[in-house]
file target.txt (compact mmCIF, C-alpha atoms and all ligand atoms)
# COMPACT_ATOMS: atom_id res chain seq x y z
CA MET A 1 18.04 -2.18 -1.16
CA VAL A 2 20.78 -3.17 1.27
CA PRO A 3 20.10 -2.62 4.96
CA THR A 4 22.44 -0.06 6.50
CA LYS A 5 23.19 0.75 10.11
CA GLU A 6 20.58 3.51 9.98
CA ARG A 7 18.04 2.04 7.61
CA ASN A 8 16.15 -1.23 7.40
CA GLN A 9 14.86 -2.70 4.15
CA ILE A 10 11.50 -1.62 2.86
CA ALA A 11 8.12 -2.05 4.57
CA VAL A 12 5.28 0.44 4.91
CA PHE A 13 2.36 -0.14 7.27
CA LEU A 14 -0.95 1.52 6.43
CA SER A 15 -3.37 1.39 9.34
CA TYR A 16 -7.02 2.12 8.62
CA GLY A 17 -9.71 1.20 11.17
CA SER A 18 -9.42 -2.53 11.81
CA GLU A 19 -7.45 -2.98 8.61
CA GLY A 20 -3.64 -3.22 8.61
CA ILE A 21 -2.12 -3.16 5.17
CA LEU A 22 1.56 -3.98 4.89
CA LEU A 23 3.19 -2.76 1.70
CA ASP A 24 6.24 -4.92 0.97
CA CYS A 25 8.07 -6.88 3.61
CA GLY A 26 11.84 -6.47 3.53
CA GLU A 27 14.24 -8.40 5.73
CA GLY A 28 13.75 -7.66 9.41
CA THR A 29 10.24 -6.25 9.07
CA GLN A 30 8.85 -8.21 12.01
CA ARG A 31 11.51 -6.80 14.31
CA GLN A 32 10.66 -3.29 13.10
CA PHE A 33 7.06 -3.97 14.19
CA LYS A 34 8.33 -4.89 17.66
CA ILE A 35 10.40 -1.73 17.95
CA ALA A 36 7.50 0.38 16.66
CA GLY A 37 5.23 -1.20 19.27
CA ILE A 38 2.74 -2.56 16.73
CA SER A 39 1.52 -6.12 17.12
CA LEU A 40 2.05 -8.32 14.07
CA THR A 41 -1.51 -9.57 14.47
CA LYS A 42 -2.66 -6.15 13.25
CA VAL A 43 -1.60 -7.11 9.73
CA THR A 44 -4.64 -8.13 7.68
CA LYS A 45 -3.30 -7.73 4.15
CA ILE A 46 0.17 -7.82 2.62
CA LEU A 47 0.63 -6.12 -0.75
CA LEU A 48 3.84 -7.09 -2.52
CA SER A 49 5.22 -4.92 -5.30
CA HIS A 50 7.58 -7.55 -6.73
CA TRP A 51 9.78 -10.47 -5.76
CA HIS A 52 13.23 -8.88 -5.56
CA GLY A 53 14.65 -9.97 -2.22
CA ASP A 54 14.76 -6.55 -0.62
CA HIS A 55 10.95 -6.41 -0.84
CA VAL A 56 10.03 -9.90 0.36
CA LEU A 57 12.84 -11.39 2.46
CA GLY A 58 10.92 -10.64 5.64
CA LEU A 59 7.91 -12.67 4.56
CA PRO A 60 8.82 -16.20 5.75
CA GLY A 61 9.87 -14.93 9.17
CA LEU A 62 6.78 -12.84 9.59
CA ILE A 63 4.49 -15.73 8.62
CA GLN A 64 6.33 -18.11 10.94
CA THR A 65 5.91 -15.74 13.87
CA LEU A 66 2.25 -15.09 13.07
CA SER A 67 1.72 -18.87 13.10
CA SER A 68 2.96 -19.01 16.67
CA MET A 69 0.67 -16.17 17.75
CA ASP A 70 -3.07 -16.11 18.14
CA TYR A 71 -3.77 -15.00 14.62
CA ASN A 72 -7.36 -15.94 13.97
CA GLY A 73 -8.11 -14.14 10.77
CA LYS A 74 -7.22 -14.97 7.21
CA LEU A 75 -4.07 -13.22 6.03
CA GLU A 76 -4.52 -11.98 2.49
CA ILE A 77 -1.38 -11.73 0.39
CA TYR A 78 -1.52 -9.89 -2.92
CA GLY A 79 1.30 -9.70 -5.42
CA PRO A 80 2.10 -9.65 -9.13
CA ILE A 81 1.73 -12.65 -11.48
CA GLY A 82 3.90 -15.49 -10.19
CA THR A 83 3.21 -14.77 -6.51
CA LYS A 84 1.25 -18.02 -5.96
CA LYS A 85 4.07 -20.18 -7.30
CA ARG A 86 6.70 -18.29 -5.36
CA MET A 87 4.71 -18.60 -2.15
CA GLU A 88 4.43 -22.36 -2.67
CA LYS A 89 8.18 -22.58 -3.24
CA MET A 90 8.77 -20.56 -0.09
CA PHE A 91 6.72 -23.04 1.94
CA GLU A 92 8.76 -25.83 0.36
CA ALA A 93 12.06 -24.18 1.19
CA PHE A 94 11.43 -23.60 4.88
CA VAL A 95 10.05 -25.92 7.53
CA PHE A 96 6.91 -24.35 8.94
CA ASP A 97 5.46 -26.16 11.94
CA LYS A 98 2.09 -24.63 11.47
CA ARG A 99 0.59 -22.57 8.73
CA ILE A 100 -1.83 -19.77 9.25
CA ASN A 101 -4.93 -19.31 7.18
CA LEU A 102 -3.68 -17.66 4.00
CA ALA A 103 -5.29 -16.38 0.83
CA VAL A 104 -2.78 -15.63 -1.92
CA LYS A 105 -4.06 -13.61 -4.85
CA GLU A 106 -2.31 -12.34 -7.95
CA VAL A 107 -3.05 -8.85 -9.22
CA LYS A 108 -2.26 -7.16 -12.49
CA SER A 109 -4.29 -4.08 -13.23
CA GLY A 110 -7.39 -2.41 -11.81
CA ILE A 111 -9.35 -2.58 -8.57
CA PHE A 112 -8.75 -5.90 -6.80
CA PHE A 113 -10.40 -5.25 -3.44
CA GLU A 114 -13.27 -3.11 -2.25
CA ASN A 115 -15.49 -2.88 0.79
CA ASN A 116 -17.67 -0.10 2.14
CA GLU A 117 -14.73 1.96 3.32
CA PHE A 118 -11.97 1.75 0.75
CA GLU A 119 -10.72 0.16 -2.42
CA LEU A 120 -7.33 -1.10 -3.52
CA GLU A 121 -6.04 -0.78 -7.04
CA ALA A 122 -2.97 -2.19 -8.78
CA CYS A 123 -1.14 -1.02 -11.87
CA PRO A 124 1.84 -2.63 -13.64
CA LEU A 125 5.17 -0.78 -13.52
CA GLU A 126 8.47 -1.17 -15.41
CA HIS A 127 11.39 -2.83 -13.66
CA GLY A 128 12.33 -5.81 -15.85
CA ILE A 129 10.26 -8.30 -13.80
CA GLU A 130 6.56 -8.62 -12.90
CA ILE A 131 5.82 -5.63 -10.70
CA VAL A 132 2.84 -3.54 -9.62
CA GLY A 133 2.26 -0.24 -7.87
CA TYR A 134 -0.66 0.19 -5.48
CA ARG A 135 -3.29 2.77 -4.75
CA PHE A 136 -5.50 2.96 -1.65
CA ILE A 137 -8.68 4.99 -2.08
CA GLU A 138 -10.92 5.80 0.84
CA ASP A 139 -14.45 5.42 -0.44
CA LYS A 140 -17.08 5.82 2.21
CA ARG A 141 -20.76 5.14 1.76
CA LYS A 142 -22.76 7.96 3.34
CA ILE A 143 -26.46 8.28 4.09
CA ASP A 144 -28.47 10.97 2.35
CA MET A 145 -30.66 11.91 5.33
CA LYS A 146 -33.15 13.83 3.21
CA LYS A 147 -33.85 10.76 1.09
CA ALA A 148 -33.89 8.52 4.16
CA ARG A 149 -36.52 10.70 5.87
CA LYS A 150 -38.58 10.88 2.71
CA LEU A 151 -38.74 7.09 2.64
CA GLY A 152 -39.59 7.09 6.34
CA ILE A 153 -36.54 5.10 7.44
CA PRO A 154 -36.06 5.57 11.19
CA GLU A 155 -32.62 6.32 12.62
CA GLY A 156 -30.93 3.19 13.95
CA PRO A 157 -29.89 -0.24 12.72
CA LEU A 158 -31.75 -0.04 9.41
CA LEU A 159 -29.72 2.97 8.35
CA GLY A 160 -26.62 1.15 9.55
CA ARG A 161 -27.37 -1.74 7.23
CA LEU A 162 -27.84 0.57 4.27
CA GLN A 163 -24.55 2.26 5.07
CA GLN A 164 -22.90 -1.15 4.89
CA GLY A 165 -24.21 -1.42 1.34
CA LYS A 166 -26.94 -3.91 2.25
CA SER A 167 -30.61 -3.71 1.31
CA ILE A 168 -33.38 -3.47 3.93
CA GLU A 169 -37.07 -4.16 4.13
CA LEU A 170 -39.43 -1.55 5.50
CA ASN A 171 -43.19 -2.05 5.69
CA GLY A 172 -42.95 -4.88 3.18
CA LYS A 173 -40.98 -2.77 0.71
CA LYS A 174 -37.42 -3.50 -0.28
CA ILE A 175 -35.03 -0.53 -0.20
CA MET A 176 -31.68 -0.77 -2.00
CA PRO A 177 -28.62 1.01 -0.57
CA ASP A 178 -28.16 3.14 -3.68
CA GLU A 179 -31.59 4.71 -3.11
CA VAL A 180 -30.52 6.48 0.07
CA THR A 181 -26.71 6.44 0.11
CA TYR A 182 -23.89 7.93 -1.93
CA ILE A 183 -20.17 7.27 -2.17
CA GLU A 184 -17.84 9.97 -0.90
CA SER A 185 -14.22 9.73 -1.99
CA GLY A 186 -11.75 10.48 0.76
CA LYS A 187 -8.00 10.10 1.14
CA LYS A 188 -5.81 8.53 -1.50
CA VAL A 189 -2.45 6.91 -0.83
CA ALA A 190 -0.15 5.75 -3.62
CA PHE A 191 2.78 3.36 -3.33
CA ILE A 192 5.32 3.22 -6.14
CA THR A 193 8.63 1.46 -5.82
CA ASP A 194 11.20 -0.09 -8.15
CA THR A 195 10.34 1.27 -11.55
CA VAL A 196 11.48 3.74 -14.13
CA LEU A 197 9.20 6.75 -14.44
CA CYS A 198 6.43 5.43 -16.72
CA ASP A 199 2.85 6.39 -17.68
CA ASN A 200 1.30 4.10 -15.06
CA CYS A 201 3.18 5.96 -12.31
CA TYR A 202 1.01 8.97 -13.13
CA LYS A 203 -2.11 6.82 -13.04
CA ILE A 204 -1.32 5.52 -9.57
CA ALA A 205 -0.18 8.84 -8.18
CA GLU A 206 -3.02 10.97 -9.56
CA ASP A 207 -4.44 13.34 -6.92
CA ALA A 208 -2.90 11.33 -4.08
CA ASP A 209 -2.92 12.93 -0.65
CA LEU A 210 0.22 10.95 0.02
CA LEU A 211 2.59 9.49 -2.55
CA ILE A 212 5.16 7.06 -1.18
CA CYS A 213 7.70 6.78 -3.97
CA GLU A 214 11.13 5.32 -4.52
CA ALA A 215 14.12 7.61 -4.98
CA THR A 216 17.01 5.19 -5.31
CA TYR A 217 19.45 7.79 -6.68
CA SER A 218 19.80 11.53 -7.01
CA SER A 219 19.58 13.02 -10.50
CA LYS A 220 23.40 13.08 -10.69
CA LEU A 221 23.14 9.32 -11.33
CA VAL A 222 20.20 9.42 -13.73
CA ASP A 223 21.93 7.08 -16.23
CA LYS A 224 22.66 4.47 -13.60
CA SER A 225 19.11 4.84 -12.31
CA GLU A 226 17.64 4.09 -15.73
CA GLU A 227 20.04 1.19 -16.32
CA TYR A 228 18.87 -0.54 -13.12
CA GLY A 229 15.18 0.28 -13.60
CA HIS A 230 14.83 2.89 -10.88
CA MET A 231 13.79 6.49 -10.35
CA THR A 232 15.76 9.47 -9.13
CA ALA A 233 14.52 11.78 -6.39
CA LYS A 234 14.00 14.47 -8.99
CA GLN A 235 11.83 12.17 -11.12
CA ALA A 236 9.73 11.31 -8.07
CA ALA A 237 9.25 15.05 -7.56
CA GLN A 238 8.32 15.57 -11.21
CA LEU A 239 5.77 12.80 -10.86
CA ALA A 240 4.31 14.33 -7.69
CA ASN A 241 4.11 17.71 -9.36
CA LYS A 242 2.39 16.57 -12.53
CA ALA A 243 0.05 14.13 -10.76
CA ASN A 244 -1.26 16.81 -8.39
CA VAL A 245 0.04 15.02 -5.29
CA LYS A 246 -0.26 16.76 -1.91
CA LYS A 247 2.61 15.17 -0.01
CA LEU A 248 5.57 13.14 -1.24
CA VAL A 249 7.53 10.72 0.94
CA LEU A 250 10.65 9.21 -0.57
CA ILE A 251 11.74 5.62 0.17
CA HIS A 252 14.18 2.96 -1.10
CA PHE A 253 17.54 4.72 -1.12
CA SER A 254 20.80 3.33 -2.44
CA ALA A 255 23.19 2.43 0.39
CA ARG A 256 25.70 4.86 -1.13
CA TYR A 257 23.77 7.72 0.55
CA LYS A 258 24.87 7.80 4.17
CA ASN A 259 22.20 10.38 4.83
CA THR A 260 19.35 11.45 2.62
CA GLN A 261 19.97 15.18 2.42
CA GLU A 262 21.18 15.11 -1.20
CA LEU A 263 18.09 13.16 -2.26
CA GLU A 264 15.69 15.45 -0.45
CA GLU A 265 17.28 18.57 -1.95
CA ASP A 266 17.23 16.98 -5.40
CA ALA A 267 13.46 16.52 -5.10
CA ARG A 268 12.77 19.86 -3.44
CA ASP A 269 14.02 21.70 -6.51
CA ILE A 270 10.83 20.55 -8.20
CA PHE A 271 8.33 19.75 -5.44
CA ASP A 272 8.14 21.53 -2.12
CA ASN A 273 6.17 19.22 0.17
CA VAL A 274 8.66 16.35 0.16
CA ILE A 275 10.44 14.42 2.87
CA CYS A 276 12.80 11.44 2.90
CA SER A 277 11.47 8.65 5.07
CA ASN A 278 13.40 7.28 7.99
CA ASP A 279 12.72 4.11 9.94
CA PHE A 280 9.61 4.38 12.17
CA MET A 281 8.46 7.63 10.59
CA LYS A 282 4.75 8.02 11.21
CA ILE A 283 2.39 10.11 9.08
CA GLU A 284 -1.23 10.76 9.89
CA LEU A 285 -3.64 11.63 7.13
ZN ZN A 301 14.15 -2.76 -4.38
ZN ZN A 302 13.53 -4.41 -7.48

call {"tool": "encode", "arguments": {"input": "target.txt", "output": "structure tokens", "more": "lines below"}}
Ligand SMILES: [Zn+2]
Ligand SMILES: [Zn+2]
result
Amino acid sequence: MVPTKERNQIAVFLSYGSEGILLDCGEGTQRQFKIAGISLTKVTKILLSHWHGDHVLGLPGLIQTLSSMDYNGKLEIYGPIGTKKRMEKMFEAFVFDKRINLAVKEVKSGIFFENNEFELEACPLEHGIEIVGYRFIEDKRKIDMKKARKLGIPEGPLLGRLQQGKSIELNGKKIMPDEVTYIESGKKVAFITDTVLCDNCYKIAEDADLLICEATYSSKLVDKSEEYGHMTAKQAAQLANKANVKKLVLIHFSARYKNTQELEEDARDIFDNVICSNDFMKIEL
């Protein structure tokens, strides 16, 4: 919540092929990119959980810098209800010399983006203001070679088109992608921050290969945690356990914890494959 000497505010970068998905954008995020050696132009989508400052204060700076770089694409910004208005107010509050091409979209519940490689899903959480958790699901379209051969489709660009979910024409006959392809579900990544443990947490976390979850307090402060609309490390572990998660990474720690040992131990009582994040931690799935 508050940056400390050791820890910056929250931001998680999910890199997948040419897609760079930034989950939340706390103060100082653009400098963290510099230190991590990742170009800001790699960001294609920003997914905001909610508009508490510690999750969005880095946004104006990041957009200003992107405007001064050669950022040719359209930056998509997704956030809970109210995001459009808040973005407009942000552009009113600061003087931007140049704006980049932006698409701001509000999400509430369900799948809000899909292409031939993955889909993104949002689910409302409970934190006293509009807030959503996110789920990334790798969903690849694969060719069924048996079916393709049966239809006489030669290897090459035609198969490529079908794999992209597009129809083709062969010998005057139209072939739809569903006739020769199938969807294979791959990795799932869940992102849950700033909420009490609620039913939708289980929905988002279900069967995730990686659950990135807040653990603001240890279970010693469970009352305080509930009062401020947060989760304890132990609750994050309970969630991971019940939702059949493979790996749990804890984020968003109260500044009272100088190091995260207490939080990690609190979670490990319940769920073994858990680690507290630190700045620049990198995980490959
Ligand atoms: Zn927060
Ligand atoms: Zn918050």

call {"tool": "residues_around", "arguments": {"input": "target.txt", "residues": "stretch 161-173 of chain A", "least_positions_apart": "6", "cutoff": "8 Å", "atoms": "all atoms listed in the file", "output": "PyMOL selection string"}}
result
chain A and resi 116+141-143+153+180-181

call {"tool": "closest_atom_pairs", "arguments": {"input": "target.txt", "of": "chain A", "to": "ligand ZN 302 (chain A)", "cutoff": "8 Å", "atoms": "all atoms listed in the file", "output": "Markdown table"}}
result
| residue | atom | partner | partner_atom | distance |
| --- | --- | --- | --- | --- |
| A:His50 | CA | A:ZN302 | ZN | 6.8 |
| A:Trp51 | CA | A:ZN302 | ZN | 7.3 |
| A:His52 | CA | A:ZN302 | ZN | 4.9 |
| A:Gly53 | CA | A:ZN302 | ZN | 7.7 |
| A:Asp54 | CA | A:ZN302 | ZN | 7.3 |
| A:His55 | CA | A:ZN302 | ZN | 7.4 |
| A:His127 | CA | A:ZN302 | ZN | 6.7 |
| A:Thr193 | CA | A:ZN302 | ZN | 7.8 |
| A:Asp194 | CA | A:ZN302 | ZN | 5.0 |
| A:Thr195 | CA | A:ZN302 | ZN | 7.7 |
| A:Gly229 | CA | A:ZN302 | ZN | 7.9 |

call {"tool": "write_last_selection", "arguments": {"input": "target.txt", "atoms": "C-alpha atoms", "output": "mmCIF file, keeping the file's coordinate frame"}}
result
data_model
loop_
_atom_site.group_PDB
_atom_site.id
_atom_site.type_symbol
_atom_site.label_atom_id
_atom_site.label_comp_id
_atom_site.auth_asym_id
_atom_site.auth_seq_id
_atom_site.Cartn_x
_atom_site.Cartn_y
_atom_site.Cartn_z
ATOM 1 C CA HIS A 50 7.580 -7.550 -6.730
ATOM 2 C CA TRP A 51 9.780 -10.470 -5.760
ATOM 3 C CA HIS A 52 13.230 -8.880 -5.560
ATOM 4 C CA GLY A 53 14.650 -9.970 -2.220
ATOM 5 C CA ASP A 54 14.760 -6.550 -0.620
ATOM 6 C CA HIS A 55 10.950 -6.410 -0.840
ATOM 7 C CA HIS A 127 11.390 -2.830 -13.660
ATOM 8 C CA THR A 193 8.630 1.460 -5.820
ATOM 9 C CA ASP A 194 11.200 -0.090 -8.150
ATOM 10 C CA THR A 195 10.340 1.270 -11.550
ATOM 11 C CA GLY A 229 15.180 0.280 -13.600
#

call {"tool": "closest_residue", "arguments": {"input": "target.txt", "among": "A:Ile175, A:Val274, A:Leu40, A:Leu125", "to": "A:Gly152", "atoms": "only C-alpha atoms"}}
result
A:Ile175

call {"tool": "residues_around", "arguments": {"input": "target.txt", "residues": "A:Phe253", "least_positions_apart": "3", "cutoff": "10 Å", "atoms": "all atoms listed in the file", "output": "number ranges by chain"}}
result
A: 1-3, 7, 9-10, 214-218, 232-233, 250, 256-260, 263, 276-277

call {"tool": "write_last_selection", "arguments": {"input": "target.txt", "atoms": "C-alpha atoms", "output": "PDB file, keeping the file's coordinate frame"}}
result
ATOM      1  CA  MET A   1      18.040  -2.180  -1.160  1.00  0.00           C
ATOM      2  CA  VAL A   2      20.780  -3.170   1.270  1.00  0.00           C
ATOM      3  CA  PRO A   3      20.100  -2.620   4.960  1.00  0.00           C
ATOM      4  CA  ARG A   7      18.040   2.040   7.610  1.00  0.00           C
ATOM      5  CA  GLN A   9      14.860  -2.700   4.150  1.00  0.00           C
ATOM      6  CA  ILE A  10      11.500  -1.620   2.860  1.00  0.00           C
ATOM      7  CA  GLU A 214      11.130   5.320  -4.520  1.00  0.00           C
ATOM      8  CA  ALA A 215      14.120   7.610  -4.980  1.00  0.00           C
ATOM      9  CA  THR A 216      17.010   5.190  -5.310  1.00  0.00           C
ATOM     10  CA  TYR A 217      19.450   7.790  -6.680  1.00  0.00           C
ATOM     11  CA  SER A 218      19.800  11.530  -7.010  1.00  0.00           C
ATOM     12  CA  THR A 232      15.760   9.470  -9.130  1.00  0.00           C
ATOM     13  CA  ALA A 233      14.520  11.780  -6.390  1.00  0.00           C
ATOM     14  CA  LEU A 250      10.650   9.210  -0.570  1.00  0.00           C
ATOM     15  CA  ARG A 256      25.700   4.860  -1.130  1.00  0.00           C
ATOM     16  CA  TYR A 257      23.770   7.720   0.550  1.00  0.00           C
ATOM     17  CA  LYS A 258      24.870   7.800   4.170  1.00  0.00           C
ATOM     18  CA  ASN A 259      22.200  10.380   4.830  1.00  0.00           C
ATOM     19  CA  THR A 260      19.350  11.450   2.620  1.00  0.00           C
ATOM     20  CA  LEU A 263      18.090  13.160  -2.260  1.00  0.00           C
ATOM     21  CA  CYS A 276      12.800  11.440   2.900  1.00  0.00           C
ATOM     22  CA  SER A 277      11.470   8.650   5.070  1.00  0.00           C
TER      23      SER A 277
END

call {"tool": "closest_residue", "arguments": {"input": "target.txt", "among": "A:Met231, A:Ala243, A:Met87, A:Leu120", "to": "A:Val56", "atoms": "all atoms listed in the file"}}
result
A:Met87

call {"tool": "atom_distance", "arguments": {"input": "target.txt", "atom1": "atom CA of A:Gly20", "atom2": "atom CA of A:Ser67"}}
result
17.1 Å

call {"tool": "atom_distance", "arguments": {"input": "target.txt", "atom1": "atom CA of A:Leu248", "atom2": "atom CA of A:Phe136"}}
result
15.0 Å

call {"tool": "atom_distance", "arguments": {"input": "target.txt", "atom1": "atom CA of A:Lys42", "atom2": "atom CA of A:Cys213"}}
result
23.9 Å

call {"tool": "closest_residue", "arguments": {"input": "target.txt", "among": "A:Pro80, A:Phe96, A:Glu88, A:Lys234", "to": "A:Lys108", "atoms": "only C-alpha atoms"}}
result
A:Pro80

call {"tool": "closest_residue", "arguments": {"input": "target.txt", "among": "A:Met145, A:Ile100, A:Cys198, A:Val12", "to": "A:Pro60", "atoms": "only C-alpha atoms"}}
result
A:Ile100

call {"tool": "residues_near_point", "arguments": {"input": "target.txt", "point": "(3.4, -2.0, -8.1)", "cutoff": "8 Å", "atoms": "only C-alpha atoms", "output": "ChimeraX atom specification"}}
result
/A:48-50,80,122-125,131-134,191-193

call {"tool": "closest_residue", "arguments": {"input": "target.txt", "among": "A:Phe280, A:Tyr78, A:Leu285, A:Glu155", "to": "A:Arg31", "atoms": "all atoms listed in the file"}}
result
A:Phe280

call {"tool": "closest_residue", "arguments": {"input": "target.txt", "among": "A:Phe113, A:Ala205, A:Asn241, A:Ile129", "to": "ligand ZN 301 (chain A)", "atoms": "all atoms listed in the file"}}
result
A:Ile129

call {"tool": "axis_aligned_box", "arguments": {"input": "target.txt", "around": "stretch 77-88 of chain A", "padding_each_side": "5 Å", "output": "lines of an AutoDock Vina configuration file"}}
result
center_x = 2.6
center_y = -16.0
center_z = -5.5
size_x = 18.2
size_y = 22.7
size_z = 21.9

call {"tool": "residues_around", "arguments": {"input": "target.txt", "residues": "A:Ala237", "least_positions_apart": "6", "cutoff": "7 Å", "atoms": "all atoms listed in the file", "output": "VMD selection string"}}
result
chain A and resid 267 270 to 271

call {"tool": "residues_around", "arguments": {"input": "target.txt", "residues": "A:Asp279", "least_positions_apart": "5", "cutoff": "9 Å", "atoms": "all atoms listed in the file", "output": "PyMOL selection string"}}
result
chain A and resi 6-8+32

call {"tool": "write_last_selection", "arguments": {"input": "target.txt", "atoms": "C-alpha atoms", "output": "compact mmCIF listing (two decimals), in the coordinates of the input"}}
result
# COMPACT_ATOMS: atom_id res chain seq x y z
CA GLU A 6 20.58 3.51 9.98
CA ARG A 7 18.04 2.04 7.61
CA ASN A 8 16.15 -1.23 7.40
CA GLN A 32 10.66 -3.29 13.10

call {"tool": "build_atoms", "arguments": {"input": "target.txt", "residues": "stretch 52-59 of chain A", "atoms": "all heavy atoms", "output": "mmCIF file, in the frame of the given file"}}
result
data_model
loop_
_atom_site.group_PDB
_atom_site.id
_atom_site.type_symbol
_atom_site.label_atom_id
_atom_site.label_comp_id
_atom_site.auth_asym_id
_atom_site.auth_seq_id
_atom_site.Cartn_x
_atom_site.Cartn_y
_atom_site.Cartn_z
ATOM 1 N N HIS A 52 11.813 -9.108 -5.882
ATOM 2 C CA HIS A 52 13.230 -8.880 -5.560
ATOM 3 C C HIS A 52 13.366 -8.998 -4.041
ATOM 4 O O HIS A 52 12.512 -8.519 -3.291
ATOM 5 C CB HIS A 52 13.694 -7.505 -6.043
ATOM 6 C CG HIS A 52 14.118 -7.502 -7.486
ATOM 7 N ND1 HIS A 52 14.079 -6.374 -8.263
ATOM 8 C CD2 HIS A 52 14.579 -8.507 -8.277
ATOM 9 C CE1 HIS A 52 14.505 -6.684 -9.492
ATOM 10 N NE2 HIS A 52 14.812 -7.967 -9.517
ATOM 11 N N GLY A 53 14.470 -9.630 -3.628
ATOM 12 C CA GLY A 53 14.650 -9.970 -2.220
ATOM 13 C C GLY A 53 14.413 -8.841 -1.237
ATOM 14 O O GLY A 53 13.801 -9.042 -0.181
ATOM 15 N N ASP A 54 14.868 -7.654 -1.585
ATOM 16 C CA ASP A 54 14.760 -6.550 -0.620
ATOM 17 C C ASP A 54 13.305 -6.176 -0.304
ATOM 18 O O ASP A 54 13.046 -5.423 0.627
ATOM 19 C CB ASP A 54 15.569 -5.315 -1.075
ATOM 20 C CG ASP A 54 15.238 -4.853 -2.474
ATOM 21 O OD1 ASP A 54 14.980 -5.709 -3.341
ATOM 22 O OD2 ASP A 54 15.242 -3.627 -2.718
ATOM 23 N N HIS A 55 12.365 -6.729 -1.071
ATOM 24 C CA HIS A 55 10.950 -6.410 -0.840
ATOM 25 C C HIS A 55 10.157 -7.553 -0.193
ATOM 26 O O HIS A 55 9.020 -7.365 0.203
ATOM 27 C CB HIS A 55 10.281 -5.986 -2.151
ATOM 28 C CG HIS A 55 10.905 -4.753 -2.720
ATOM 29 N ND1 HIS A 55 10.298 -3.520 -2.661
ATOM 30 C CD2 HIS A 55 12.112 -4.548 -3.296
ATOM 31 C CE1 HIS A 55 11.103 -2.618 -3.199
ATOM 32 N NE2 HIS A 55 12.210 -3.207 -3.594
ATOM 33 N N VAL A 56 10.773 -8.728 -0.137
ATOM 34 C CA VAL A 56 10.030 -9.900 0.360
ATOM 35 C C VAL A 56 10.783 -10.784 1.363
ATOM 36 O O VAL A 56 10.209 -11.726 1.911
ATOM 37 C CB VAL A 56 9.578 -10.822 -0.826
ATOM 38 C CG1 VAL A 56 8.513 -10.151 -1.657
ATOM 39 C CG2 VAL A 56 10.768 -11.213 -1.691
ATOM 40 N N LEU A 57 12.052 -10.480 1.605
ATOM 41 C CA LEU A 57 12.840 -11.390 2.460
ATOM 42 C C LEU A 57 12.297 -11.514 3.879
ATOM 43 O O LEU A 57 12.607 -12.479 4.580
ATOM 44 C CB LEU A 57 14.310 -10.938 2.497
ATOM 45 C CG LEU A 57 15.123 -11.270 1.236
ATOM 46 C CD1 LEU A 57 16.477 -10.580 1.269
ATOM 47 C CD2 LEU A 57 15.306 -12.770 1.091
ATOM 48 N N GLY A 58 11.480 -10.571 4.293
ATOM 49 C CA GLY A 58 10.920 -10.640 5.640
ATOM 50 C C GLY A 58 9.685 -11.516 5.753
ATOM 51 O O GLY A 58 9.188 -11.783 6.849
ATOM 52 N N LEU A 59 9.192 -11.956 4.600
ATOM 53 C CA LEU A 59 7.910 -12.670 4.560
ATOM 54 C C LEU A 59 7.908 -14.007 5.314
ATOM 55 O O LEU A 59 7.033 -14.238 6.156
ATOM 56 C CB LEU A 59 7.511 -12.850 3.093
ATOM 57 C CG LEU A 59 6.050 -12.999 2.751
ATOM 58 C CD1 LEU A 59 5.205 -11.894 3.349
ATOM 59 C CD2 LEU A 59 5.879 -13.048 1.243
#
